[in-house]
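Listing of final.txt, compact mmCIF, C-alpha atoms
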# COMPACT_ATOMS: atom_id res chain seq x y z
CA MET A 1 153.29 123.18 51.62
CA PRO A 2 150.24 121.53 53.23
CA SER A 3 148.14 123.62 55.58
CA LEU A 4 148.22 123.06 59.31
CA GLU A 5 144.67 121.71 59.19
CA GLU A 6 145.67 119.08 56.61
CA GLU A 7 148.63 118.02 58.72
CA LEU A 8 146.40 117.52 61.74
CA PHE A 9 144.49 114.68 60.10
CA PRO A 10 146.33 111.37 60.57
CA SER A 11 146.91 108.93 57.75
CA THR A 12 146.78 106.01 60.19
CA PRO A 13 143.81 105.67 62.54
CA GLY A 14 144.55 105.53 66.25
CA LYS A 15 142.99 103.50 69.00
CA PHE A 16 141.01 104.68 71.99
CA LYS A 17 141.71 103.37 75.41
CA ILE A 18 141.51 104.94 78.85
CA ASP A 19 143.90 103.72 81.47
CA ARG A 20 142.97 104.04 85.08
CA ALA A 21 145.45 103.90 87.89
CA HIS A 22 144.66 101.48 90.69
CA SER A 23 146.10 101.99 94.12
CA MET A 24 147.12 98.98 96.28
CA ASN A 25 146.95 98.95 100.04
CA ARG A 26 149.57 97.14 102.05
CA GLN A 27 148.98 95.83 105.54
CA PHE A 28 151.64 95.01 108.04
CA HIS A 29 151.29 93.24 111.38
CA ARG A 30 153.59 93.54 114.37
CA CYS A 31 154.44 90.64 116.60
CA PHE A 32 155.53 91.10 120.18
CA ALA A 33 157.14 88.61 122.56
CA SER A 34 157.48 88.66 126.31
CA THR A 35 161.18 87.89 126.52
CA SER A 36 163.78 90.61 126.22
CA THR A 37 165.46 88.83 123.30
CA MET A 38 162.30 88.66 121.29
CA PHE A 39 161.54 92.26 122.20
CA LEU A 40 164.93 93.38 120.84
CA TRP A 41 164.36 91.36 117.67
CA ALA A 42 160.95 92.96 117.31
CA LEU A 43 162.47 96.42 117.64
CA PHE A 44 165.04 95.53 115.00
CA LEU A 45 162.43 94.22 112.61
CA ILE A 46 160.24 97.27 113.13
CA ALA A 47 163.18 99.57 112.42
CA LEU A 48 164.07 97.56 109.33
CA THR A 49 160.48 97.63 108.08
CA ALA A 50 160.21 101.38 108.67
CA SER A 51 163.41 101.96 106.74
CA TYR A 52 162.14 99.82 103.88
CA LEU A 53 158.79 101.57 103.78
CA SER A 54 160.49 104.93 103.82
CA PHE A 55 162.73 103.94 100.94
CA GLN A 56 159.85 102.32 99.05
CA SER A 57 157.79 105.47 99.45
CA PHE A 58 160.64 107.47 97.97
CA VAL A 59 161.00 105.04 95.07
CA ASP A 60 157.24 104.97 94.43
CA SER A 61 156.94 108.72 94.38
CA GLY A 62 160.01 109.00 92.20
CA SER A 63 158.73 106.47 89.71
CA LYS A 64 155.32 108.16 89.71
CA TYR A 65 156.57 111.62 88.89
CA PHE A 66 160.15 111.33 87.58
CA THR A 67 160.22 108.12 85.57
CA ALA A 68 161.57 109.72 82.42
CA SER A 69 165.27 109.62 81.71
CA TRP A 70 166.98 112.76 80.49
CA GLY A 71 170.45 114.06 79.96
CA GLY A 72 173.41 112.95 77.90
CA LEU A 73 175.07 114.35 74.82
CA GLN A 74 172.43 113.10 72.36
CA TRP A 75 169.60 114.46 74.51
CA GLU A 76 171.30 117.86 74.79
CA LYS A 77 171.82 117.93 71.02
CA GLN A 78 168.11 117.26 70.40
CA VAL A 79 167.17 120.07 72.77
CA ARG A 80 169.55 122.55 71.08
CA VAL A 81 168.46 121.66 67.56
CA SER A 82 164.77 121.93 68.43
CA SER A 83 165.29 125.34 70.07
CA GLN A 84 166.98 126.93 67.07
CA ILE A 85 165.29 130.12 65.81
CA ARG A 86 164.78 130.26 62.04
CA ARG A 87 163.33 133.73 61.52
CA SER A 88 164.51 137.25 62.13
CA GLY A 89 163.30 138.52 65.48
CA GLY A 90 162.07 135.07 66.46
CA MET A 91 161.89 133.56 69.91
CA SER A 92 162.97 130.37 71.61
CA VAL A 93 160.06 128.90 73.58
CA LEU A 94 159.82 126.17 76.19
CA VAL A 95 156.29 124.76 75.90
CA THR A 96 155.18 122.73 78.91
CA GLY A 97 152.32 120.30 78.36
CA ALA A 98 153.47 120.15 74.73
CA ALA A 99 151.84 116.76 74.09
CA GLY A 100 148.54 118.07 75.40
CA PHE A 101 145.70 119.45 73.29
CA VAL A 102 146.52 123.16 73.35
CA GLY A 103 150.26 122.53 73.72
CA THR A 104 150.46 120.57 70.48
CA HIS A 105 148.67 123.22 68.44
CA VAL A 106 150.67 126.11 69.93
CA SER A 107 153.98 124.27 69.38
CA LEU A 108 153.15 123.60 65.72
CA ALA A 109 152.11 127.21 65.12
CA LEU A 110 155.34 128.54 66.67
CA LYS A 111 157.51 126.14 64.68
CA ARG A 112 155.76 126.92 61.42
CA ARG A 113 156.55 130.61 61.72
CA GLY A 114 160.22 129.94 62.47
CA ASP A 115 160.45 130.08 66.25
CA GLY A 116 162.52 127.61 68.26
CA VAL A 117 160.38 125.20 70.29
CA VAL A 118 161.28 122.65 72.95
CA GLY A 119 158.40 120.69 74.44
CA LEU A 120 158.03 119.18 77.90
CA ASP A 121 155.38 116.66 79.00
CA ASN A 122 155.04 113.90 81.59
CA PHE A 123 152.59 111.82 79.48
CA ASN A 124 150.42 110.94 82.48
CA ASN A 125 147.40 108.68 82.14
CA TYR A 126 144.63 111.10 83.13
CA TYR A 127 143.35 110.21 79.66
CA ASP A 128 144.53 107.87 76.92
CA PRO A 129 148.36 108.22 76.78
CA SER A 130 148.40 106.85 73.23
CA LEU A 131 146.70 110.05 72.06
CA LYS A 132 149.47 112.09 73.68
CA LYS A 133 152.08 109.89 72.04
CA ALA A 134 150.38 110.37 68.68
CA ARG A 135 150.58 114.12 69.21
CA ARG A 136 154.26 113.77 70.08
CA ALA A 137 154.82 111.88 66.82
CA LEU A 138 153.14 114.75 64.99
CA LEU A 139 155.41 117.27 66.72
CA ASP A 140 158.48 115.12 66.02
CA SER A 141 157.62 115.08 62.31
CA HIS A 142 157.91 118.88 62.40
CA GLY A 143 161.27 118.89 64.16
CA ILE A 144 159.92 119.60 67.65
CA PHE A 145 161.63 117.63 70.41
CA VAL A 146 159.46 116.84 73.43
CA VAL A 147 161.31 116.10 76.66
CA GLU A 148 159.55 113.47 78.76
CA GLY A 149 159.67 114.70 82.33
CA ASP A 150 157.79 116.38 85.15
CA ILE A 151 157.76 120.12 85.84
CA ASN A 152 158.42 119.35 89.51
CA ASP A 153 161.84 117.98 88.54
CA SER A 154 163.94 121.04 89.38
CA ARG A 155 167.20 119.46 88.23
CA MET A 156 165.78 118.78 84.79
CA LEU A 157 164.41 122.33 84.50
CA GLU A 158 167.76 123.76 85.57
CA LYS A 159 169.48 121.66 82.92
CA LEU A 160 167.09 122.81 80.19
CA PHE A 161 167.67 126.48 81.03
CA ASP A 162 171.41 125.81 81.16
CA ILE A 163 171.36 124.35 77.62
CA VAL A 164 169.02 126.95 76.06
CA ALA A 165 168.58 130.65 76.83
CA PHE A 166 164.80 130.51 76.37
CA THR A 167 163.30 133.91 75.60
CA HIS A 168 159.79 132.72 76.50
CA VAL A 169 157.99 129.99 78.40
CA MET A 170 154.50 128.89 77.34
CA HIS A 171 153.25 127.05 80.42
CA LEU A 172 150.34 124.79 79.50
CA ALA A 173 151.10 121.77 81.69
CA ALA A 174 148.38 121.23 84.27
CA GLN A 175 146.03 118.70 85.78
CA ALA A 176 142.82 119.51 83.93
CA GLY A 177 139.19 118.62 84.58
CA VAL A 178 136.66 119.84 87.12
CA ARG A 179 135.06 116.55 88.18
CA TYR A 180 138.26 114.49 88.45
CA ALA A 181 139.37 116.74 91.32
CA MET A 182 136.88 114.93 93.54
CA GLU A 183 138.65 111.62 92.80
CA ASN A 184 142.29 112.68 92.89
CA PRO A 185 142.72 116.09 94.54
CA ASN A 186 146.44 115.62 95.20
CA SER A 187 147.22 115.55 91.46
CA TYR A 188 145.89 119.11 91.16
CA VAL A 189 148.11 120.39 93.96
CA HIS A 190 151.09 118.52 92.51
CA SER A 191 150.72 119.89 88.98
CA ASN A 192 148.86 123.19 89.24
CA ILE A 193 150.48 124.62 92.36
CA ALA A 194 153.74 122.80 93.18
CA GLY A 195 154.56 122.38 89.48
CA LEU A 196 153.90 126.04 88.78
CA VAL A 197 156.17 127.11 91.63
CA SER A 198 158.94 124.78 90.43
CA LEU A 199 158.75 126.28 86.95
CA LEU A 200 158.70 129.86 88.21
CA GLU A 201 161.70 129.13 90.42
CA ALA A 202 163.61 127.96 87.35
CA CYS A 203 162.50 131.02 85.38
CA LYS A 204 163.41 133.58 88.04
CA SER A 205 166.88 132.04 88.47
CA ALA A 206 167.58 131.88 84.72
CA ASN A 207 169.88 134.42 83.13
CA PRO A 208 168.37 135.95 81.09
CA GLN A 209 164.92 135.54 82.59
CA PRO A 210 162.28 134.43 80.07
CA SER A 211 158.86 136.01 79.71
CA VAL A 212 156.13 133.66 80.92
CA VAL A 213 152.69 133.09 79.39
CA TRP A 214 150.58 130.50 81.18
CA ALA A 215 147.13 128.93 81.08
CA SER A 216 144.77 129.96 83.84
CA SER A 217 141.09 129.11 83.31
CA SER A 218 137.64 130.60 82.98
CA SER A 219 136.81 128.35 85.94
CA VAL A 220 138.25 131.04 88.25
CA TYR A 221 135.01 133.01 87.80
CA GLY A 222 133.34 130.27 89.83
CA LEU A 223 129.99 131.31 91.25
CA ASN A 224 130.11 134.77 89.68
CA GLU A 225 126.71 135.52 88.13
CA LYS A 226 127.62 138.74 86.30
CA VAL A 227 127.89 138.15 82.56
CA PRO A 228 129.82 138.35 80.42
CA PHE A 229 132.82 137.54 82.61
CA SER A 230 135.43 140.31 82.66
CA GLU A 231 138.99 140.21 83.95
CA SER A 232 138.10 142.76 86.64
CA ASP A 233 135.25 140.62 88.05
CA ARG A 234 135.63 138.94 91.43
CA THR A 235 137.24 135.51 91.37
CA ASP A 236 137.21 134.63 95.07
CA GLN A 237 134.35 132.11 94.93
CA PRO A 238 135.71 129.02 93.14
CA ALA A 239 133.23 126.21 92.58
CA SER A 240 135.82 123.42 92.25
CA LEU A 241 139.28 122.47 93.46
CA TYR A 242 140.52 122.81 89.88
CA ALA A 243 139.31 126.42 89.83
CA ALA A 244 140.87 127.05 93.23
CA THR A 245 144.28 125.84 92.02
CA LYS A 246 144.07 128.08 88.97
CA LYS A 247 143.11 131.06 91.13
CA ALA A 248 146.02 130.22 93.43
CA GLY A 249 148.21 130.18 90.33
CA GLU A 250 147.19 133.74 89.50
CA GLU A 251 148.18 134.87 92.99
CA ILE A 252 151.46 132.95 92.84
CA THR A 253 152.43 134.38 89.45
CA HIS A 254 151.65 137.89 90.68
CA THR A 255 154.04 137.32 93.57
CA TYR A 256 156.87 136.21 91.28
CA ASN A 257 156.23 139.19 89.03
CA HIS A 258 156.35 141.56 92.00
CA ILE A 259 159.41 140.11 93.73
CA TYR A 260 161.56 138.82 90.89
CA GLY A 261 160.58 140.94 87.90
CA LEU A 262 159.21 138.11 85.76
CA SER A 263 157.02 139.25 82.87
CA ILE A 264 153.87 137.16 83.25
CA THR A 265 150.68 136.85 81.22
CA GLY A 266 147.81 134.64 82.39
CA LEU A 267 145.21 133.39 79.92
CA ARG A 268 141.72 132.38 81.02
CA PHE A 269 140.64 129.82 78.41
CA PHE A 270 136.93 129.27 77.77
CA THR A 271 135.98 125.66 76.84
CA VAL A 272 138.50 124.92 74.12
CA TYR A 273 137.56 122.30 71.50
CA GLY A 274 138.79 120.98 68.17
CA PRO A 275 140.92 118.27 66.48
CA TRP A 276 143.33 116.39 68.77
CA GLY A 277 141.19 117.46 71.75
CA ARG A 278 140.83 115.95 75.21
CA PRO A 279 138.70 112.77 75.49
CA ASP A 280 137.29 113.90 78.85
CA MET A 281 135.60 116.95 77.33
CA ALA A 282 131.84 116.73 76.68
CA TYR A 283 131.94 117.26 72.90
CA PHE A 284 134.55 114.48 72.61
CA SER A 285 132.80 111.92 74.82
CA PHE A 286 129.43 112.77 73.22
CA THR A 287 130.89 112.00 69.80
CA ARG A 288 132.31 108.69 70.99
CA ASN A 289 129.09 107.57 72.67
CA ILE A 290 126.83 108.65 69.81
CA LEU A 291 128.90 106.60 67.36
CA GLN A 292 128.88 103.60 69.71
CA GLY A 293 125.13 103.84 70.28
CA LYS A 294 125.55 104.58 73.98
CA PRO A 295 123.43 107.10 75.91
CA ILE A 296 124.85 110.50 76.78
CA LYS A 297 124.20 112.50 79.95
CA ILE A 298 123.10 116.07 79.40
CA TYR A 299 123.12 118.06 82.61
CA ARG A 300 120.62 120.79 83.41
CA GLY A 301 120.90 123.60 85.92
CA LYS A 302 118.37 124.92 88.42
CA ASN A 303 114.77 124.99 87.24
CA ARG A 304 115.81 122.70 84.38
CA VAL A 305 117.72 125.46 82.60
CA ASP A 306 120.07 124.21 79.88
CA LEU A 307 123.78 124.57 80.62
CA ALA A 308 125.65 126.88 78.23
CA ARG A 309 129.33 127.22 77.39
CA ASP A 310 131.43 129.77 75.52
CA PHE A 311 132.93 127.13 73.20
CA THR A 312 136.19 128.41 71.69
CA TYR A 313 137.85 126.74 68.70
CA ILE A 314 141.48 125.74 69.10
CA ASP A 315 142.76 127.91 66.22
CA ASP A 316 141.37 131.02 67.92
CA ILE A 317 143.02 130.05 71.20
CA VAL A 318 146.34 129.57 69.41
CA LYS A 319 146.10 133.08 67.97
CA GLY A 320 145.57 134.42 71.48
CA CYS A 321 148.55 132.47 72.81
CA LEU A 322 150.88 133.71 70.07
CA GLY A 323 149.60 137.25 70.47
CA SER A 324 150.37 137.05 74.19
CA LEU A 325 153.89 135.80 73.54
CA ASP A 326 154.53 138.51 70.94
CA THR A 327 153.40 141.32 73.26
CA SER A 328 154.66 139.93 76.58
CA GLY A 329 157.46 142.44 77.09
CA LYS A 330 160.68 141.54 78.86
CA SER A 331 161.36 140.25 82.33
CA THR A 332 163.49 142.68 84.31
CA GLY A 333 165.29 140.38 86.74
CA SER A 334 168.67 138.75 86.50
CA GLY A 335 169.88 135.79 88.52
CA GLY A 336 166.82 135.96 90.75
CA LYS A 337 167.10 139.70 91.46
CA LYS A 338 164.55 142.23 90.26
CA ARG A 339 165.90 145.27 88.36
CA GLY A 340 162.59 147.04 87.74
CA PRO A 341 158.84 146.56 87.21
CA ALA A 342 157.77 143.99 84.63
CA PRO A 343 154.44 143.46 82.83
CA TYR A 344 151.74 141.45 84.59
CA ARG A 345 148.61 140.78 82.54
CA ILE A 346 145.51 138.56 82.53
CA PHE A 347 143.26 138.04 79.50
CA ASN A 348 140.06 136.17 78.70
CA LEU A 349 140.29 134.04 75.56
CA GLY A 350 136.78 133.00 74.53
CA ASN A 351 134.36 133.15 71.63
CA THR A 352 131.78 135.51 73.24
CA SER A 353 128.89 133.42 71.88
CA PRO A 354 127.66 130.89 74.48
CA VAL A 355 125.80 127.86 73.11
CA THR A 356 123.62 125.45 75.11
CA VAL A 357 124.75 121.86 75.49
CA PRO A 358 121.60 120.43 73.78
CA THR A 359 122.41 122.63 70.75
CA LEU A 360 125.94 121.22 70.73
CA VAL A 361 124.51 117.70 70.67
CA SER A 362 122.17 118.57 67.78
CA ILE A 363 125.11 119.82 65.71
CA LEU A 364 127.04 116.62 66.40
CA GLU A 365 124.01 114.52 65.42
CA ARG A 366 123.87 116.28 62.06
CA TYR A 367 127.55 115.76 61.25
CA LEU A 368 127.66 112.18 62.56
CA LYS A 369 124.36 111.37 60.82
CA THR A 370 123.29 109.54 63.98
CA LYS A 371 120.72 110.38 66.64
CA ALA A 372 121.96 110.62 70.20
CA LYS A 373 120.32 108.73 73.05
CA ARG A 374 119.82 111.70 75.37
CA ASN A 375 119.55 111.28 79.11
CA LEU A 376 118.64 114.59 80.77
CA VAL A 377 119.73 114.80 84.42
CA ASP A 378 120.07 117.53 87.00
CA MET A 379 123.57 118.92 87.44
CA PRO A 380 125.27 117.34 90.47
CA GLY A 381 127.28 119.36 92.94
CA ASN A 382 130.62 118.38 91.45
CA GLY A 383 132.11 121.81 90.75
CA ASP A 384 130.57 122.51 87.35
CA VAL A 385 128.98 125.90 86.72
CA PRO A 386 125.77 126.52 84.73
CA PHE A 387 127.22 128.91 82.13
CA THR A 388 130.34 130.68 80.90
CA HIS A 389 130.53 133.81 78.76
CA ALA A 390 133.72 135.73 78.00
CA ASN A 391 134.18 139.46 77.64
CA ILE A 392 137.19 139.64 75.31
CA SER A 393 137.41 143.41 74.84
CA LEU A 394 140.74 143.59 76.70
CA ALA A 395 142.33 140.81 74.62
CA ARG A 396 140.95 142.42 71.48
CA SER A 397 142.53 145.79 72.26
CA GLU A 398 145.85 144.52 73.69
CA LEU A 399 146.48 141.39 71.63
CA GLY A 400 144.44 141.99 68.49
CA TYR A 401 142.52 138.85 69.46
CA LYS A 402 139.49 138.17 67.28
CA PRO A 403 137.83 134.72 67.24
CA THR A 404 136.59 133.73 63.79
CA THR A 405 135.27 130.15 64.12
CA ASP A 406 131.67 129.49 65.17
CA LEU A 407 130.63 126.22 66.81
CA GLN A 408 129.12 124.64 63.70
CA THR A 409 132.29 125.21 61.67
CA GLY A 410 134.55 124.07 64.49
CA LEU A 411 132.60 120.90 65.23
CA LYS A 412 132.59 120.00 61.54
CA LYS A 413 136.40 120.08 61.59
CA PHE A 414 136.52 118.12 64.83
CA VAL A 415 134.19 115.37 63.54
CA ARG A 416 136.24 115.07 60.37
CA TRP A 417 139.39 114.58 62.46
CA TYR A 418 137.69 112.16 64.86
CA LEU A 419 136.38 109.87 62.13
CA SER A 420 139.81 109.82 60.49
CA TYR A 421 141.83 109.29 63.66
CA TYR A 422 139.67 106.54 65.13
CA GLY A 423 139.16 104.77 61.83
CA TYR A 424 135.42 105.18 61.30
CA ASN A 425 134.26 104.59 57.74
CA HIS A 426 130.55 105.27 57.31
CA GLY A 427 130.82 105.69 53.57
CA LYS A 428 129.35 109.16 54.06
CA PRO A 429 131.15 112.48 53.80
CA VAL A 430 130.91 114.96 56.68
CA ASN A 431 128.85 117.71 55.07
Starting from the file, give its structure as structure tokens.
Amino acid sequence: MPSLEEELFPSTPGKFKIDRAHSMNRQFHRCFASTSTMFLWALFLIALTASYLSFQSFVDSGSKYFTASWGGLQWEKQVRVSSQIRRSGGMSVLVTGAAGFVGTHVSLALKRRGDGVVGLDNFNNYYDPSLKKARRALLDSHGIFVVEGDINDSRMLEKLFDIVAFTHVMHLAAQAGVRYAMENPNSYVHSNIAGLVSLLEACKSANPQPSVVWASSSSVYGLNEKVPFSESDRTDQPASLYAATKKAGEEITHTYNHIYGLSITGLRFFTVYGPWGRPDMAYFSFTRNILQGKPIKIYRGKNRVDLARDFTYIDDIVKGCLGSLDTSGKSTGSGGKKRGPAPYRIFNLGNTSPVTVPTLVSILERYLKTKAKRNLVDMPGNGDVPFTHANISLARSELGYKPTTDLQTGLKKFVRWYLSYYGYNHGKPVN
């Protein structure tokens, strides 16, 4: 049987393309007449226009968030088959954001060890949807069915929980990215807050209630200057809207744990990277621009200090996710009513070895055998923080979490995947 790493390298190169949504403004003009007849007609036309706009708004928002079709006998059969447990003591897991970076890797790891997995993803165009579809094809080849739908669709969630008695939910669906929040703040509220509440509502009403593990973020540490970051540190000074929504998520999940008895574990990821990663991440965009001969922006903090990140390889994150699922404990509610206290936990998942961004670029240059065109600029006030550094002692003691991949090893694997997926052929091996 081929290893997971071998399966992650595609035999057919993909294509890179970023779609951007463009909004269109509509302008309407009212006409008024002096006669009573024309006035009545004007009132009628205004009422008709208002009704149309109201309906169109409903249709637009529905097509934006709930375009996917679901339901039917064949659909239900695919969900049931995908959720089947094939090991003793296994679990049946609903993975939201399954076609995302972390979601794909976690879903594959669960399936490979015999757990039942059903994926859920809305395939939005925050970044290249074709990459998400390629991930879905990979999951499909391993017998993992991914439902196309939005976590705000309560009817769909209710149907999924009606078909399958999920023992666990791995909630990874979210609007990611710190800087994009300045362009489209509503998408963060829609996904990271409203979507989270919709999912928790479905979980608390399910019988039996599943245990929930979800992705928070190291961004919640915000302007905290104490390092390394520990779970007990203050997180009330977010530096971005993205961080604020993740902090709000931690408060919301605590509420559902307290009132409804849901077992909940939050995971604060630290700069995850690796094959099948997100194109908006620095290491990914640096690789693309270096290969295309384009300049890259390297931000610096105050007093020209290099930014540093606790880069964490995807395989280590997956181990932390599975360890969290395995030790989550049971929810104690039934039909939305709490029967007793349930576990509520938060863990850092990082590498504990921060590396500066210029060092990251140097490693990429070596593996790509190409010099980068570096453009050093001061860090703008867009929500980024100058450094991240995880204290993982709690995850180590409670989950047995132990990262094993350093940045050089991880980037070597990423570059190998990138060159294969995007069809580069330099005639040179990645040494």
Which residues are near A:Lys371? Cut-off 12 Å, only C-alpha atoms, ignore same chain within fewer than 5 positions. Put them as a PyMOL selection string. chain A and resi 286-287+289-296+361-366
What is the distance between atom CA of A:Ser218 and atom CA of A:Ala98, in Å to one decimal?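 For atom CA of A:Ser218 relative to atom CA of A:Ala98, the distance reads 20.7 Å.
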Can you work out the spacing between atom CA of A:Gly266 and atom CA of A:Ser324 in Å, to one decimal?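 Separation between atom CA of A:Gly266 and atom CA of A:Ser324: 8.9 Å.
Between A:Leu307 and the residues A:Asn125, A:Asn391, A:Thr356, A:Ser83, the shortest atom-to-atom distance, using all atoms listed in the file, involves A:Thr356.
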Would you mind telling me which residue in A:Gly72, A:Gly177, A:Pro185, A:Gly100 lies nearest to A:Ser217 when using all atoms listed in the file? A:Gly177
Which residues come within 7 Å of A:Phe311, counting only C-alpha atoms, excluding same-chain residues fewer than 6 positions away, as a PyMOL selection string? chain A and resi 270-273+351+354+407
Convert the current residue selection to file output with C-alpha atoms, as a compact mmCIF listing (two decimals), in the frame of the given file.
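The resulting out12.txt:
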# COMPACT_ATOMS: atom_id res chain seq x y z
CA PHE A 270 136.93 129.27 77.77
CA THR A 271 135.98 125.66 76.84
CA VAL A 272 138.50 124.92 74.12
CA TYR A 273 137.56 122.30 71.50
CA ASN A 351 134.36 133.15 71.63
CA PRO A 354 127.66 130.89 74.48
CA LEU A 407 130.63 126.22 66.81
Who sits within 7 Å of A:Ser205, all atoms listed in the file, same chain under 4 positions skipped, as a list in words: Glu201, Gly335 and Gly336 of chain A
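Excluding A:Leu399 and any residue on its chain fewer than 3 positions from it, the residues at most 12 Å away by only C-alpha atoms are Thr265, Leu267, Ile317, Lys319, Gly320, Cys321, Leu322, Gly323, Ser324, Leu325, Asp326, Thr327, Ser328, Arg345, Ile346, Phe347, Asn348, Leu349, Ile392, Ser393, Leu394, Ala395, Arg396, Lys402 and Pro403 of chain A.
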Using atom CA of A:Gln78 and atom CA of A:Val318 as the two end points, give the distance in Å to one decimal. 25.0 Å
Go through A:Ser187, A:Thr255, A:Ser198, A:Thr359 one by one, measure the shortest atom-to-atom distance of each to A:Glu158 using all atoms listed in the file, and give the residue with the smallest value.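 That would be A:Ser198, the residue with the smallest distance to A:Glu158.
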For A:Gly340, work out the shell of residues within 9 Å, counting only C-alpha atoms and skipping chain neighbours fewer than 3 positions away, then give it as a VMD selection string. chain A and resid 260 to 261 331 to 333
Output file for the residues above (C-alpha atoms, as a short mmCIF file (atom, residue, chain, number, x, y, z; two decimals), in the frame of the given file):
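result.cif, written as the output of this step:
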data_model
loop_
_atom_site.label_atom_id
_atom_site.label_comp_id
_atom_site.auth_asym_id
_atom_site.auth_seq_id
_atom_site.Cartn_x
_atom_site.Cartn_y
_atom_site.Cartn_z
CA TYR A 260 161.56 138.82 90.89
CA GLY A 261 160.58 140.94 87.90
CA SER A 331 161.36 140.25 82.33
CA THR A 332 163.49 142.68 84.31
CA GLY A 333 165.29 140.38 86.74
#
In the coordinates of the file, take the point (151.4, 125.4, 68.7) and a cut-off of 12 Å; then, counting all atoms listed in the file, name each qualifying protein, DNA or RNA residue as a ChimeraX atom specification. /A:4,8,93-119,135,138-139,142,144,170-172,314-322,325
Would you save the residues from that selection as a PDB file, in the coordinates of the input, using C-alpha atoms?
ATOM      1  CA  LEU A   4     148.220 123.060  59.310  1.00  0.00           C
ATOM      2  CA  LEU A   8     146.400 117.520  61.740  1.00  0.00           C
ATOM      3  CA  VAL A  93     160.060 128.900  73.580  1.00  0.00           C
ATOM      4  CA  LEU A  94     159.820 126.170  76.190  1.00  0.00           C
ATOM      5  CA  VAL A  95     156.290 124.760  75.900  1.00  0.00           C
ATOM      6  CA  THR A  96     155.180 122.730  78.910  1.00  0.00           C
ATOM      7  CA  GLY A  97     152.320 120.300  78.360  1.00  0.00           C
ATOM      8  CA  ALA A  98     153.470 120.150  74.730  1.00  0.00           C
ATOM      9  CA  ALA A  99     151.840 116.760  74.090  1.00  0.00           C
ATOM     10  CA  GLY A 100     148.540 118.070  75.400  1.00  0.00           C
ATOM     11  CA  PHE A 101     145.700 119.450  73.290  1.00  0.00           C
ATOM     12  CA  VAL A 102     146.520 123.160  73.350  1.00  0.00           C
ATOM     13  CA  GLY A 103     150.260 122.530  73.720  1.00  0.00           C
ATOM     14  CA  THR A 104     150.460 120.570  70.480  1.00  0.00           C
ATOM     15  CA  HIS A 105     148.670 123.220  68.440  1.00  0.00           C
ATOM     16  CA  VAL A 106     150.670 126.110  69.930  1.00  0.00           C
ATOM     17  CA  SER A 107     153.980 124.270  69.380  1.00  0.00           C
ATOM     18  CA  LEU A 108     153.150 123.600  65.720  1.00  0.00           C
ATOM     19  CA  ALA A 109     152.110 127.210  65.120  1.00  0.00           C
ATOM     20  CA  LEU A 110     155.340 128.540  66.670  1.00  0.00           C
ATOM     21  CA  LYS A 111     157.510 126.140  64.680  1.00  0.00           C
ATOM     22  CA  ARG A 112     155.760 126.920  61.420  1.00  0.00           C
ATOM     23  CA  ARG A 113     156.550 130.610  61.720  1.00  0.00           C
ATOM     24  CA  GLY A 114     160.220 129.940  62.470  1.00  0.00           C
ATOM     25  CA  ASP A 115     160.450 130.080  66.250  1.00  0.00           C
ATOM     26  CA  GLY A 116     162.520 127.610  68.260  1.00  0.00           C
ATOM     27  CA  VAL A 117     160.380 125.200  70.290  1.00  0.00           C
ATOM     28  CA  VAL A 118     161.280 122.650  72.950  1.00  0.00           C
ATOM     29  CA  GLY A 119     158.400 120.690  74.440  1.00  0.00           C
ATOM     30  CA  ARG A 135     150.580 114.120  69.210  1.00  0.00           C
ATOM     31  CA  LEU A 138     153.140 114.750  64.990  1.00  0.00           C
ATOM     32  CA  LEU A 139     155.410 117.270  66.720  1.00  0.00           C
ATOM     33  CA  HIS A 142     157.910 118.880  62.400  1.00  0.00           C
ATOM     34  CA  ILE A 144     159.920 119.600  67.650  1.00  0.00           C
ATOM     35  CA  MET A 170     154.500 128.890  77.340  1.00  0.00           C
ATOM     36  CA  HIS A 171     153.250 127.050  80.420  1.00  0.00           C
ATOM     37  CA  LEU A 172     150.340 124.790  79.500  1.00  0.00           C
ATOM     38  CA  ILE A 314     141.480 125.740  69.100  1.00  0.00           C
ATOM     39  CA  ASP A 315     142.760 127.910  66.220  1.00  0.00           C
ATOM     40  CA  ASP A 316     141.370 131.020  67.920  1.00  0.00           C
ATOM     41  CA  ILE A 317     143.020 130.050  71.200  1.00  0.00           C
ATOM     42  CA  VAL A 318     146.340 129.570  69.410  1.00  0.00           C
ATOM     43  CA  LYS A 319     146.100 133.080  67.970  1.00  0.00           C
ATOM     44  CA  GLY A 320     145.570 134.420  71.480  1.00  0.00           C
ATOM     45  CA  CYS A 321     148.550 132.470  72.810  1.00  0.00           C
ATOM     46  CA  LEU A 322     150.880 133.710  70.070  1.00  0.00           C
ATOM     47  CA  LEU A 325     153.890 135.800  73.540  1.00  0.00           C
TER      48      LEU A 325
END
Of the listed residues A:Glu251, A:Asp280, A:Asp406, A:Asp378, that which approaches A:Asp128 most closely, counting only C-alpha atoms: A:Asp280
At a cut-off of 12 Å from (133.0, 118.0, 91.2) in the coordinates of the file, what residues are picked up using only C-alpha atoms, written as a VMD selection string? chain A and resid 177 to 185 238 to 243 379 to 385
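Of the listed residues (A:Tyr313, A:Phe387, A:Phe161, A:Phe414), A:Phe387 comes nearest to A:Tyr299; the distances count all atoms listed in the file.
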